[in-house]
Protein chains: 2
Amino acid sequence: MASEEPVEVVTCTAPVNIAVIKYWGKRDEELILPINSSLSVTLHQDQLKTTTTAAISRDFTEDRIWLNGREEDVGQPRLQACLREIRRLARKRRSDGHEDPLPLSLSYKVHVASVNNFPTAAGLASSAAGYACLAYTLARVYGVESDLSEVARRGSGSACRSLYGGFVEWQMGQRADGKDSVARQVAPESHWPELRVLILVVSTERKPTGSTAGMQTSVETSALLRFRAEALVPARMAEMSRCVRERDFQAFGQLTMKDSNQFHATCLDTFPPISYLSDTSRRVIRLVHCFNAHHGRTKAGAGPGRPGPGAGRAGASRSPLLWGLQLPLARVLVAYTFDAGANAVIFTLDDTVAEFVAAVRHSFPPELNGDKFLKGLPVEPVPLSDELKAALGADPTPGGIKYIIATQVGPGPQVLDDPGAHLLGPDGLPKPAA
Amino acid sequence: MASEEPVEVVTCTAPVNIAVIKYWGKRDEELILPINSSLSVTLHQDQLKTTTTAAISRDFTEDRIWLNGREEDVGQPRLQACLREIRRLARKRRSDGHEDPLPLSLSYKVHVASVNNFPTAAGLASSAAGYACLAYTLARVYGVESDLSEVARRGSGSACRSLYGGFVEWQMGQRADGKDSVARQVAPESHWPELRVLILVVSTERKPTGSTAGMQTSVETSALLRFRAEALVPARMAEMSRCVRERDFQAFGQLTMKDSNQFHATCLDTFPPISYLSDTSRRVIRLVHCFNAHHGRTKAGAGPGRPGPGAGRAGASRSPLLWGLQLPLARVLVAYTFDAGANAVIFTLDDTVAEFVAAVRHSFPPELNGDKFLKGLPVEPVPLSDELKAALGADPTPGGIKYIIATQVGPGPQVLDDPGAHLLGPDGLPKPAA
């Protein structure tokens with residue numbers, strides 16, 4: 001079959017993103033149009049990325065795809081929707097009079113190979129990075145230069161947010177055809193260099209409810225979700241954009257936590273109820289609030305983080321309750337968010353990372369099986385104060401956190417120029433794993 | 001001090017109630033006026049009750065109160081509010097020209113003794129029964145015959161619902177002075193004789209957030225709670241009243257579960273979040289949905305329960321998801337509800353009790369410490385089918401449920417005529433425990 005060189009071969013990488021204003025629920029299942037806008041942070045590809053190679057050749061007799069080395073069914077509807085959409089855009093470009101460097105390529109079949117540099121089993125929603133990378137790579141193979149939101153979105157809604165680096169909003173749009181349901185960069189990755197991201201990979205027993213089925217049931221049964229989408233998210237989007245633009249970590253962190261909690265509240269309001277938070281997730285929530293409250297108490301609003309413009313808002317006078325704990329409404333040094341799974345994603349600033357990682361180690365003593373507990377960016381070990389240890393309580397959960405990935409905000413998809421990076425060989429088939 | 005007989009001594013009992021449309025949040029903290037109406041089922045006093053004796057005497061020099069044999073501070077604001085309110089009603093009655101059998105009694109001090117026939121530590125919100133019993137007993141001592149909603153409500157909001165037997169609604173009212181925020185019976189205890197109630201007392205590690213502080217934080221921080229109270233509860237109240245009137249267990253059970261889930265969703269939407277459901281609570285939720293789904297599958301809509309008029313609504317065609325399980329939207333044979341604590345309250349019909357108790361025993365193998373696992377109404381042991389065992393899964397949690405109290409719908413407060421029932425002796429002090 002593969003007697004000649006592929007006509008065109010391109011390899012790209014794309015990042016994972018984590019939403020701080022959550023997407024949950026579609027208004028159109030086919031076009032994957034959301035019931036509300038969402039906003040996410042693009043994570044750095046040094047730690048988490050998908051790499052995808054696409055090749056087209058007159059010799060290929062059918063479209064084929066390999067994910068993490070295993071051939072998958074290319075006929076699955078979402079993959080087909082992406083392929084159809086990219087070819088439609090390529091045809092449109094040609095009919096618009098652009099010169100086409102590859103006059104025959106539209107009729108060629110495509111081979112695609114894709115790998116993640118992180119274990120799929122870790123539950124780090126790989127589909128967003130995967131479909132963003134697919135859209136970006138196919139666009140380069142087919143010479144498409146228009147907005148790729150729709151191509152990526154048809155694979156997985158949140159994938160359109162992985163098309164950009166930094167801080168990205170997915171505008172829900174109003175049109176029935178979805179043409180205005182697109183991702184836009186709010187700020188580039190260079191905008192907030194102190195921001196750090198810790199992924200706390202949680203040991204889970206059960207595979208959680210798939211997000212596609214889960215959000216469909218939520219849309220059908222949760223009145224709170226509809227209210228959230230229509231009445232609450234628009235103001236939250238505006239406020240989150242402001243937090244990012246002004247690098248207001250206080251307000252950014254508080255809204256991030258509130259929006260995560262509200263998303264999981266709508267899951268609980270679904271019938272039958274959906275629960276993505278595990279016991280360990282809840283212990284992380286408690287840890288974060290304890291950590292913040294401790295610093296609110298001991299540092300009286302002058303903790304190690306840089307106070308943003310909104311720092312004065314969170315007074316320490318009130319005493320809300322959390323799981324029976326009396327907590328002052330603390331300064332926010334650390335914030336959590338959870339997607340449709342048990343893993344916690346933590347936002348903090350560079351000068352708080354070391355102490356918080358020490359607090360995680362204290363609360364979840366690592367059970368090391370030759371695996372490193374801390375991956376990614378280096379974090380220097382620091383001792384915990386006795387006061388903080390006391391504040392965290394004496395109820396450690398050994399092994400509750402499998403490992404931590406320390407990372408930061410990162411850029412959008414990249415084209416790899418090195419031919420050695422291609423995942424497909426000259427025969428159009430996956431190279432043997434090195 | 002107690003040289004003479006008390007002038008008047010009365011002993012009454014009052015029931016516990018469990019809300020099926022939940023009360024959470026006050027619009028007036030002082031008057032205890034709720035942000036939404038609620039509806040509850042009064043539980044039978046054969047299993048759970050508060051007994052209260054009140055005595056007034058010219059010899060008493062101060063108001064005093066003993067709870068479960070221990071003297072408590074009579075100066076606490078809610079107790080004072082109840083005493084003030086009942087004396088106000090007594091004065092009003094006298095000034096309205098009613099003849100007063102006890103012309104001096106209004107100036108007399110009162111002694112009160114109150115006991116529960118269930119352990120306070122079991123977390124079975126005893127304050128509702130306690131304040132209902134206090135209001136009812138004081139009313140008889142002071143010769144008050146008007147509506148006692150306000151007296152009980154000033155002690156604990158949900159206490160006004162324990163003033164009646166059967167099915168009771170607490171109408172939120174509109175007036176600023178709370179005069180129209182009253183409890184009313186929807187149907188008497190004789191209305192639905194097949195209904196059974198199982199209280200699954202859960203072993204908890206932590207004392208949960210107190211409901212007074214919890215609901216205050218929710219009102220201040222949860223937009224979902226405000227929306228629920230204003231936009232969703234009115235229709236749910238009407239629907240729940242219909243379910244009760246028509247004895248539609250399908251719809252009653254489904255709405256009971258949905259309303260419990262929505263209440264806990266608003267707790268999660270509170271900031272910082274509040275979590276009353278423990279791991280065992282979530283396992284009970286799962287068990288109930290599995291049990292219903294199993295019967296939905298195997299009995300195709302003709303399970304052992306009596307189909308109500310709404311039985312046709314819950315088709316088994318759709319496949320919502322719960323904790324990763326594919327479940328047909330089942331017939332409802334069993335329904336759960338959770339208050340501000342981890343204990344599950346289960347509603348079912350008499351012919352399903354035995355099989356469900358067997359399922360609970362299977363999923364939560366009892367750790368007996370000389371204590372009976374099943375208390376209250378007798379339940380005959382039945383074997384579980386292998387199919388049901390398989391449906392419940394092989395993940396039992398030994399000791400997760402401490403014990404079950406089997407009970408049913410019961411009557412409102414009662415006056416005890418037997419002088420031997422008095423908790424206070426002729427000297428106005430608590431009798432020594434028998």
# chains A, B, ... in the order shown; residues from 1 in each chain; ligands from 1

call {"tool": "residues_around", "arguments": {"residues": "Asp259 (chain B)", "least_positions_apart": "4", "cutoff": "10 Å", "atoms": "only C-alpha atoms", "output": "PyMOL selection string"}}
result
(chain A and resi 269) or (chain B and resi 19-22+228+232-233+236+253-255+263-265+336-338)

call {"tool": "residues_around", "arguments": {"residues": "region 151-161 of chain A", "least_positions_apart": "6", "cutoff": "7 Å", "atoms": "only C-alpha atoms", "output": "list in words"}}
result
Asn17, Leu31, Ile32, Ser40, Arg78, Leu79, Ala81, Cys82, Glu85, Ile86, Ser127, Ala128, Ala129, Tyr131, Ala132, Ala135, Val168, Glu169, Trp170 and Ala183 of chain A

call {"tool": "closest_residue", "arguments": {"among": "B:Leu124, B:Thr51, B:Phe364, B:Asn36", "to": "Gly173 (chain B)", "atoms": "only C-alpha atoms"}}
result
B:Asn36

call {"tool": "select_by_dssp", "arguments": {"residues": "region 69-208 of chain A", "states": "alpha helix (DSSP H)", "output": "PyMOL selection string"}}
result
chain A and resi 77-95+126-142+149-155

call {"tool": "residues_around", "arguments": {"residues": "Leu277 (chain B)", "least_positions_apart": "5", "cutoff": "9 Å", "atoms": "only C-alpha atoms", "output": "ChimeraX atom specification"}}
result
/B:264,282,338-343

call {"tool": "select_by_dssp", "arguments": {"residues": "region 86-322 of chain B", "states": "strand (DSSP E)", "output": "VMD selection string"}}
result
chain B and resid 109 to 116 167 to 170 183 to 187 195 to 202 321 to 322

call {"tool": "closest_residue", "arguments": {"among": "B:Gln250, B:Gln185, B:Ser37, B:Thr42", "to": "Gln171 (chain B)", "atoms": "only C-alpha atoms"}}
result
B:Ser37

call {"tool": "closest_residue", "arguments": {"among": "B:Tyr136, B:Phe271, B:Phe60, B:Tyr108", "to": "Met215 (chain B)", "atoms": "only C-alpha atoms"}}
result
B:Phe271

call {"tool": "closest_residue", "arguments": {"among": "A:Ala14, A:Leu106, A:Val219, A:Leu83", "to": "chain B", "atoms": "only C-alpha atoms"}}
result
A:Val219
